[in-house]
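First comes the structure, then the notes that go with it.
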Amino acid sequence: MSDATRLLIVSNRLPVTATAESGKLRLVEASGGLATGLRGWHRKSEGLWIGWPGELSRFDAALRQELRQKLIDRRVVPVVLSSDDVERYYDGFSNRVLWPLFHYLVDRMPIEASGWDAYRQVNEKFADVVEEYYRPGDAIWVHDYQLMLLPAMLRTRLPGARIGFFLHIPFPSSEVFRILPWRSEILRGLLGADLLGFHTFAYLRHFVTSVLHIEGIEAQVDRIDLDDRAVRLGVFPMSVDAAAFDALARDPEVMAKAAAIREDAGGRRILLGIDRLDYTKGIPRRLRAIERLLGREPELRDRVRYIQIAVPSRQRVEAYQAFRRQVEESIGRINGTTATLRSTPIHYMHQSVSGRDLVALYSAADVMLVTPLRDGMNLVAKEFVASRADEDGVLVLSEFAGAADELGGAVVVNPYDIHAVGRAIKEALDMDAPVRRARMQSLRRRVMGHDIHSWAAGFVEQLQAPERGVDAAAETIANPGALVSMLQDGRELALLLDYDGTLVPLARMPDLAVPDAELLSLLDALTARPRTRVNLVSGRSRETLEKWFGQLQLSLWAEHGSYHRPGPGRPWATTVPIPADWLRKIYPVLEQFTASTPGSLIEKKCASVAWHYRIADAEFGRRQAHELRMLLGDALSNQPLEVVEGNKVIEVRLRGATSAVVAHHLMVGSEEPPRILAIGDDRADEDLFAGLPEGSLRVAVGTRRARADLHVVDHRAVRDLLRSLVGRPATAPSNG
């Protein structure tokens, strides 16, 4: 990131929490993974951190003013929320609805999900503050599930801003995500970002599949092309400040604390669990696995000590209060049945732990148990590895934690299989020292080499990077009148207009895209415009174009230029030779795919045939289209045919039957070549763009195209441009 660019970090909580004790203000450093991870990055940058500072209801006016000044001195900007906001937006919707759903624990969602209005309103409050402090050129980095509507809100308010979003929890599979009643609103909120980041490829894939199923938008590998811009997708596994943990582990005071913990254990092997007291962390199942292990191998009761640190979490939420009781009752029962005269197997502490004590525990442990039922990443696993400067210790890690994708040296378990977890603990306890060291060295290479700083730098660098694969000159037409003025240079104007997706929106079935009266009137007015030739260049058949536009003074080009009709009443002529039996070899293949893909259909023409899958199941249709494309590519390698991919359509056509023939026709025999304005929306129209002479204007609709000079958002913007050519007023912006 350049020195001139500020980074605005936006998260639900600030890296400090404000409290008032005896009328005096106190700022406490937050201990969460995000605050810990980005605090150093924020201190080194010149940007701002925007978020909620904590409950301020007990703060009088003087304390609030003092707080504001102290936060500003730290380049921290508060978003003030009422108690009701926090209850409904954070405790309510974020943590009672989104949190369990995204962690696949659907049974913990309330029967009547509430708080959506508060969630949306608080996201608007965050947008207000970001807008107030934003300066042109700033990069905005929004964090986590509490603010998933914010990117789109900021996109509306700050259309030129560079906006990134990172999700710190899992993105669930499409089948689970679709349970959420507000699924579409969440996706549209996220798609307001320029860059969306996830911990793992699995989470990215789940997001892409949800966008496809719910919004009908198909991703292009690592990007999603929207009407007027692209959303890039990336995988950025978050990490920890590895060097800081390593340095603490080597600190003599911490080493002494670790030695004291081992001494207190009296020679017993130490198992360690450090978790927020949250039902996603798998603590009850872990306890049951330990109970079964001690029951199966009673000699371990005097040889192991399990230390469970349960960091308080969401203590005001009734479900968490009940969960705490469940955990503590289980520990009491297990200790009651497995304790001996010399030992109590489980040592439990419901409290936060200082950084030094935390690293001392990591350093003292023989086996670290990280067995969440589902976790976005789990930084505890990486903290443990970074703290093992002695290159010893064993990590037992849930396969459902994002960290499992990176930490190949761990003993990976299914946390739902308590017998397997018990066996893994025994394996870890019995592991020979050389094997332990080899595993830990592998883990440390990964964690020390990919720390929190490289994670943050990688995300920000990609956020700042220019878009790939888009012609920088293809700027969006903001003022049609300016373009019209440029075209009024005294030369004849030739309009080359695609139909589907350009003059009308794409319809679920081809036969439904009938031209409306307003479009027919507009085309008629264009044909009456002085020194203007109007060409309709479509993949449609001759019969369809004749039926819909035969009465207009248009030059019609059917099947991407394979057939041409100069005007009303004039005969159609072929522009390429068409063999009589060209379709014989491929039609059975298309019929087979149509039969096996519900919702697909074949559109048979004279020089081409199209397989449409717009109303098929989105994901299955995409897979079938890929298979068909591969199959046809092999079958037609030595044939005079080619495969062309369009918007939810695979088309097979004769080689040479492309829209480029239209451009050639316009130039042949012209004493003074016309000024050409071509408008199209998909890959097939790029053939036309490629064949146009220098000086032509190429306008891409929807997705920016590499061969386009200009860009418009959709068919409505195309019509506004054409209205400007004939002096008609533009339509009012649509809310649809």
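Chains: A, B, ... in order of the structure tokens. Residues: from 1 per chain. Ligands: from 1, in order shown.
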(request) Please return as number ranges by chain: the residues of stretch 81-146 of chain A that backbone DSSP assigns to strand (DSSP E). (result) A: 139-143
(message) Would you pick out the contacts of A:Phe620 at 12 Å or less, using only C-alpha atoms, so that residues sharing its chain but fewer than 5 positions from it are not included, and give the list as a PyMOL selection string?
(response) chain A and resi 209+212-213+593+596-600+613-615+625-627+648
Write the selection just made, keeping N, CA and C atoms, as an mmCIF file, in the first residue's frame?
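New file out19.cif:
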```cif
data_model
loop_
_atom_site.group_PDB
_atom_site.id
_atom_site.type_symbol
_atom_site.label_atom_id
_atom_site.label_comp_id
_atom_site.auth_asym_id
_atom_site.auth_seq_id
_atom_site.Cartn_x
_atom_site.Cartn_y
_atom_site.Cartn_z
ATOM 1 N N THR A 209 -21.036 -20.917 -4.748
ATOM 2 C CA THR A 209 -22.199 -21.766 -5.028
ATOM 3 C C THR A 209 -23.489 -21.090 -4.566
ATOM 4 N N LEU A 212 -24.459 -18.420 -6.996
ATOM 5 C CA LEU A 212 -25.002 -19.038 -8.204
ATOM 6 C C LEU A 212 -26.443 -19.493 -7.996
ATOM 7 N N HIS A 213 -26.697 -20.191 -6.879
ATOM 8 C CA HIS A 213 -28.031 -20.730 -6.627
ATOM 9 C C HIS A 213 -29.051 -19.636 -6.317
ATOM 10 N N PHE A 593 -27.859 -34.486 -23.783
ATOM 11 C CA PHE A 593 -27.651 -33.564 -22.672
ATOM 12 C C PHE A 593 -28.960 -32.879 -22.273
ATOM 13 N N SER A 596 -30.874 -35.259 -20.051
ATOM 14 C CA SER A 596 -30.296 -35.471 -18.720
ATOM 15 C C SER A 596 -30.173 -34.190 -17.908
ATOM 16 N N THR A 597 -30.616 -33.052 -18.454
ATOM 17 C CA THR A 597 -30.523 -31.767 -17.754
ATOM 18 C C THR A 597 -31.897 -31.107 -17.730
ATOM 19 N N PRO A 598 -32.706 -31.375 -16.702
ATOM 20 C CA PRO A 598 -34.041 -30.765 -16.630
ATOM 21 C C PRO A 598 -33.954 -29.239 -16.719
ATOM 22 N N GLY A 599 -34.829 -28.667 -17.545
ATOM 23 C CA GLY A 599 -34.856 -27.217 -17.699
ATOM 24 C C GLY A 599 -34.048 -26.713 -18.879
ATOM 25 N N SER A 600 -33.269 -27.584 -19.528
ATOM 26 C CA SER A 600 -32.502 -27.159 -20.701
ATOM 27 C C SER A 600 -33.325 -27.396 -21.962
ATOM 28 N N TYR A 613 -29.479 -23.405 -21.055
ATOM 29 C CA TYR A 613 -29.677 -24.009 -19.727
ATOM 30 C C TYR A 613 -30.003 -22.944 -18.682
ATOM 31 N N ARG A 614 -30.655 -21.875 -19.129
ATOM 32 C CA ARG A 614 -30.920 -20.754 -18.227
ATOM 33 C C ARG A 614 -31.894 -21.115 -17.112
ATOM 34 N N ILE A 615 -32.822 -22.024 -17.362
ATOM 35 C CA ILE A 615 -33.788 -22.368 -16.309
ATOM 36 C C ILE A 615 -33.481 -23.713 -15.668
ATOM 37 N N ALA A 625 -22.861 -27.935 -18.791
ATOM 38 C CA ALA A 625 -22.345 -27.095 -19.875
ATOM 39 C C ALA A 625 -20.849 -27.312 -20.051
ATOM 40 N N HIS A 626 -20.144 -27.448 -18.920
ATOM 41 C CA HIS A 626 -18.702 -27.694 -18.997
ATOM 42 C C HIS A 626 -18.420 -29.029 -19.684
ATOM 43 N N GLU A 627 -19.173 -30.072 -19.293
ATOM 44 C CA GLU A 627 -18.986 -31.385 -19.903
ATOM 45 C C GLU A 627 -19.304 -31.344 -21.395
ATOM 46 N N LYS A 648 -25.373 -18.508 -20.353
ATOM 47 C CA LYS A 648 -26.193 -19.693 -20.088
ATOM 48 C C LYS A 648 -26.619 -20.387 -21.384
#
```
(request) Rank nothing, just name the residue among A:Val254, A:Ala618, A:Val240, A:Ala360 nearest to A:Ile217, using only C-alpha atoms. (result)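 Closest residue, counting only C-alpha atoms: A:Ala618.
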(message) as a PyMOL selection string, please: every residue in stretch 59-209 of chain A that DSSP puts in helix (DSSP H, G or I).
(response) chain A and resi 61-73+83-102+106-108+116-133+145-147+150-157+174-177+183-190+201-209
Pull C-alpha atoms from the residues just selected and write them as a PDB file, in the first residue's frame.
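This is the output file result36.pdb:
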```pdb
ATOM      1  CA  ALA A  61     -21.363  13.879  28.820  1.00  0.00           C
ATOM      2  CA  ALA A  62     -17.937  14.750  30.206  1.00  0.00           C
ATOM      3  CA  LEU A  63     -16.762  11.128  30.147  1.00  0.00           C
ATOM      4  CA  ARG A  64     -18.041  10.687  26.608  1.00  0.00           C
ATOM      5  CA  GLN A  65     -16.121  13.735  25.457  1.00  0.00           C
ATOM      6  CA  GLU A  66     -12.983  12.514  27.208  1.00  0.00           C
ATOM      7  CA  LEU A  67     -13.425   9.088  25.631  1.00  0.00           C
ATOM      8  CA  ARG A  68     -13.847  10.540  22.174  1.00  0.00           C
ATOM      9  CA  GLN A  69     -10.664  12.579  22.491  1.00  0.00           C
ATOM     10  CA  LYS A  70      -8.611   9.667  23.823  1.00  0.00           C
ATOM     11  CA  LEU A  71      -9.856   7.416  21.032  1.00  0.00           C
ATOM     12  CA  ILE A  72      -9.077  10.017  18.368  1.00  0.00           C
ATOM     13  CA  ASP A  73      -5.561  10.320  19.799  1.00  0.00           C
ATOM     14  CA  SER A  83     -28.252  -0.860  24.635  1.00  0.00           C
ATOM     15  CA  ASP A  84     -31.210  -1.789  22.449  1.00  0.00           C
ATOM     16  CA  ASP A  85     -28.985  -1.776  19.345  1.00  0.00           C
ATOM     17  CA  VAL A  86     -26.525  -4.122  20.989  1.00  0.00           C
ATOM     18  CA  GLU A  87     -29.236  -6.427  22.296  1.00  0.00           C
ATOM     19  CA  ARG A  88     -31.043  -6.812  18.957  1.00  0.00           C
ATOM     20  CA  TYR A  89     -28.193  -6.458  16.426  1.00  0.00           C
ATOM     21  CA  TYR A  90     -25.314  -8.178  18.232  1.00  0.00           C
ATOM     22  CA  ASP A  91     -26.764 -10.509  20.876  1.00  0.00           C
ATOM     23  CA  GLY A  92     -29.901 -11.011  18.821  1.00  0.00           C
ATOM     24  CA  PHE A  93     -29.402 -11.363  15.095  1.00  0.00           C
ATOM     25  CA  SER A  94     -25.615 -11.698  14.812  1.00  0.00           C
ATOM     26  CA  ASN A  95     -25.120 -14.250  17.571  1.00  0.00           C
ATOM     27  CA  ARG A  96     -28.484 -16.003  17.786  1.00  0.00           C
ATOM     28  CA  VAL A  97     -29.090 -16.321  14.041  1.00  0.00           C
ATOM     29  CA  LEU A  98     -25.942 -15.853  11.948  1.00  0.00           C
ATOM     30  CA  TRP A  99     -23.414 -17.437  14.326  1.00  0.00           C
ATOM     31  CA  PRO A 100     -25.101 -20.863  14.699  1.00  0.00           C
ATOM     32  CA  LEU A 101     -26.161 -20.967  11.040  1.00  0.00           C
ATOM     33  CA  PHE A 102     -22.676 -20.241   9.698  1.00  0.00           C
ATOM     34  CA  VAL A 106     -29.006 -24.938  12.759  1.00  0.00           C
ATOM     35  CA  ASP A 107     -30.799 -26.505  15.716  1.00  0.00           C
ATOM     36  CA  ARG A 108     -29.518 -23.626  17.881  1.00  0.00           C
ATOM     37  CA  TRP A 116     -32.992  -8.268  11.105  1.00  0.00           C
ATOM     38  CA  ASP A 117     -34.203  -4.653  11.148  1.00  0.00           C
ATOM     39  CA  ALA A 118     -31.745  -3.814  13.930  1.00  0.00           C
ATOM     40  CA  TYR A 119     -28.940  -5.561  12.044  1.00  0.00           C
ATOM     41  CA  ARG A 120     -29.633  -3.476   8.940  1.00  0.00           C
ATOM     42  CA  GLN A 121     -29.978  -0.243  10.930  1.00  0.00           C
ATOM     43  CA  VAL A 122     -26.697  -0.741  12.807  1.00  0.00           C
ATOM     44  CA  ASN A 123     -24.920  -1.484   9.530  1.00  0.00           C
ATOM     45  CA  GLU A 124     -26.298   1.871   8.332  1.00  0.00           C
ATOM     46  CA  LYS A 125     -24.869   3.545  11.447  1.00  0.00           C
ATOM     47  CA  PHE A 126     -21.462   2.132  10.626  1.00  0.00           C
ATOM     48  CA  ALA A 127     -21.869   3.394   7.058  1.00  0.00           C
ATOM     49  CA  ASP A 128     -22.641   6.882   8.403  1.00  0.00           C
ATOM     50  CA  VAL A 129     -19.385   6.985  10.380  1.00  0.00           C
ATOM     51  CA  VAL A 130     -17.245   5.543   7.581  1.00  0.00           C
ATOM     52  CA  GLU A 131     -18.701   8.052   5.128  1.00  0.00           C
ATOM     53  CA  GLU A 132     -17.963  10.897   7.553  1.00  0.00           C
ATOM     54  CA  TYR A 133     -14.286  10.009   7.936  1.00  0.00           C
ATOM     55  CA  TYR A 145     -20.322 -11.423   9.961  1.00  0.00           C
ATOM     56  CA  GLN A 146     -21.749  -8.538  12.004  1.00  0.00           C
ATOM     57  CA  LEU A 147     -21.215  -6.140   9.062  1.00  0.00           C
ATOM     58  CA  LEU A 150     -21.906  -2.676   4.986  1.00  0.00           C
ATOM     59  CA  PRO A 151     -19.960  -3.159   1.708  1.00  0.00           C
ATOM     60  CA  ALA A 152     -23.045  -2.542  -0.466  1.00  0.00           C
ATOM     61  CA  MET A 153     -24.110   0.411   1.692  1.00  0.00           C
ATOM     62  CA  LEU A 154     -20.675   1.964   1.266  1.00  0.00           C
ATOM     63  CA  ARG A 155     -20.699   1.207  -2.464  1.00  0.00           C
ATOM     64  CA  THR A 156     -23.890   3.258  -2.801  1.00  0.00           C
ATOM     65  CA  ARG A 157     -22.536   6.177  -0.767  1.00  0.00           C
ATOM     66  CA  SER A 174     -25.232 -23.451   0.006  1.00  0.00           C
ATOM     67  CA  GLU A 175     -27.773 -25.919   1.403  1.00  0.00           C
ATOM     68  CA  VAL A 176     -27.259 -24.500   4.901  1.00  0.00           C
ATOM     69  CA  PHE A 177     -26.957 -20.840   3.891  1.00  0.00           C
ATOM     70  CA  ARG A 183     -29.946 -14.816   2.280  1.00  0.00           C
ATOM     71  CA  SER A 184     -30.275 -12.640  -0.821  1.00  0.00           C
ATOM     72  CA  GLU A 185     -29.814  -9.403   1.119  1.00  0.00           C
ATOM     73  CA  ILE A 186     -26.665 -10.785   2.753  1.00  0.00           C
ATOM     74  CA  LEU A 187     -25.169 -11.820  -0.584  1.00  0.00           C
ATOM     75  CA  ARG A 188     -25.962  -8.472  -2.199  1.00  0.00           C
ATOM     76  CA  GLY A 189     -24.403  -6.740   0.805  1.00  0.00           C
ATOM     77  CA  LEU A 190     -21.169  -8.704   0.421  1.00  0.00           C
ATOM     78  CA  PHE A 201     -10.956 -22.475  -0.512  1.00  0.00           C
ATOM     79  CA  ALA A 202     -13.910 -24.454   0.844  1.00  0.00           C
ATOM     80  CA  TYR A 203     -15.507 -21.302   2.283  1.00  0.00           C
ATOM     81  CA  LEU A 204     -14.899 -19.448  -0.999  1.00  0.00           C
ATOM     82  CA  ARG A 205     -16.454 -22.314  -2.952  1.00  0.00           C
ATOM     83  CA  HIS A 206     -19.507 -22.330  -0.671  1.00  0.00           C
ATOM     84  CA  PHE A 207     -19.958 -18.592  -1.230  1.00  0.00           C
ATOM     85  CA  VAL A 208     -19.655 -18.933  -5.007  1.00  0.00           C
ATOM     86  CA  THR A 209     -22.199 -21.766  -5.028  1.00  0.00           C
TER      87      THR A 209
END
```
Using only C-alpha atoms, tabulate the residues of stretch 137-230 of chain A lying at most 6 Å from any atom of stretch 374-393 of chain A, each with its closest atom pair and that distance in Å to one decimal, by chain and increasing residue number, as a tab-separated table.
```
residue	atom	partner	partner_atom	distance
A:His168	CA	A:Gly376	CA	5.8
A:Ile169	CA	A:Gly376	CA	3.9
A:Pro170	CA	A:Gly376	CA	4.4
```
Counting only C-alpha atoms, what is within 12 Å of A:Arg570, bar same-chain residues fewer than 2 positions away, as a PDB file with C-alpha atoms, in the first residue's frame?
```
ATOM      1  CA  GLU A 546     -38.700 -11.475 -39.402  1.00  0.00           C
ATOM      2  CA  GLY A 550     -39.910  -7.502 -40.324  1.00  0.00           C
ATOM      3  CA  GLN A 551     -41.983  -4.317 -40.672  1.00  0.00           C
ATOM      4  CA  LEU A 552     -39.176  -1.978 -39.593  1.00  0.00           C
ATOM      5  CA  GLN A 553     -36.669  -0.348 -41.940  1.00  0.00           C
ATOM      6  CA  LEU A 554     -33.865  -2.341 -40.346  1.00  0.00           C
ATOM      7  CA  SER A 555     -31.040  -4.356 -41.743  1.00  0.00           C
ATOM      8  CA  LEU A 556     -31.462  -7.723 -40.024  1.00  0.00           C
ATOM      9  CA  HIS A 564     -28.829 -11.066 -43.955  1.00  0.00           C
ATOM     10  CA  ARG A 565     -32.013  -9.192 -44.942  1.00  0.00           C
ATOM     11  CA  PRO A 566     -31.325  -5.595 -46.117  1.00  0.00           C
ATOM     12  CA  GLY A 567     -34.844  -4.279 -45.527  1.00  0.00           C
ATOM     13  CA  PRO A 568     -38.597  -5.002 -45.400  1.00  0.00           C
ATOM     14  CA  TRP A 572     -32.812 -13.282 -46.937  1.00  0.00           C
ATOM     15  CA  ALA A 573     -29.396 -14.279 -48.247  1.00  0.00           C
TER      16      ALA A 573
END
```
(message) I'd like to know which of A:Ala249, A:Leu497, A:Ile214, A:Leu293 is closest to A:Ala420, using only C-alpha atoms.
(response)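 The answer is A:Leu293, which sits nearest to A:Ala420.
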(message) As an exercise, work out the distance from atom CA of A:His143 to atom CA of A:Glu406 in Å and give it to one decimal place.
(response)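 Interatomic distance, atom CA of A:His143 to atom CA of A:Glu406: 21.9 Å.
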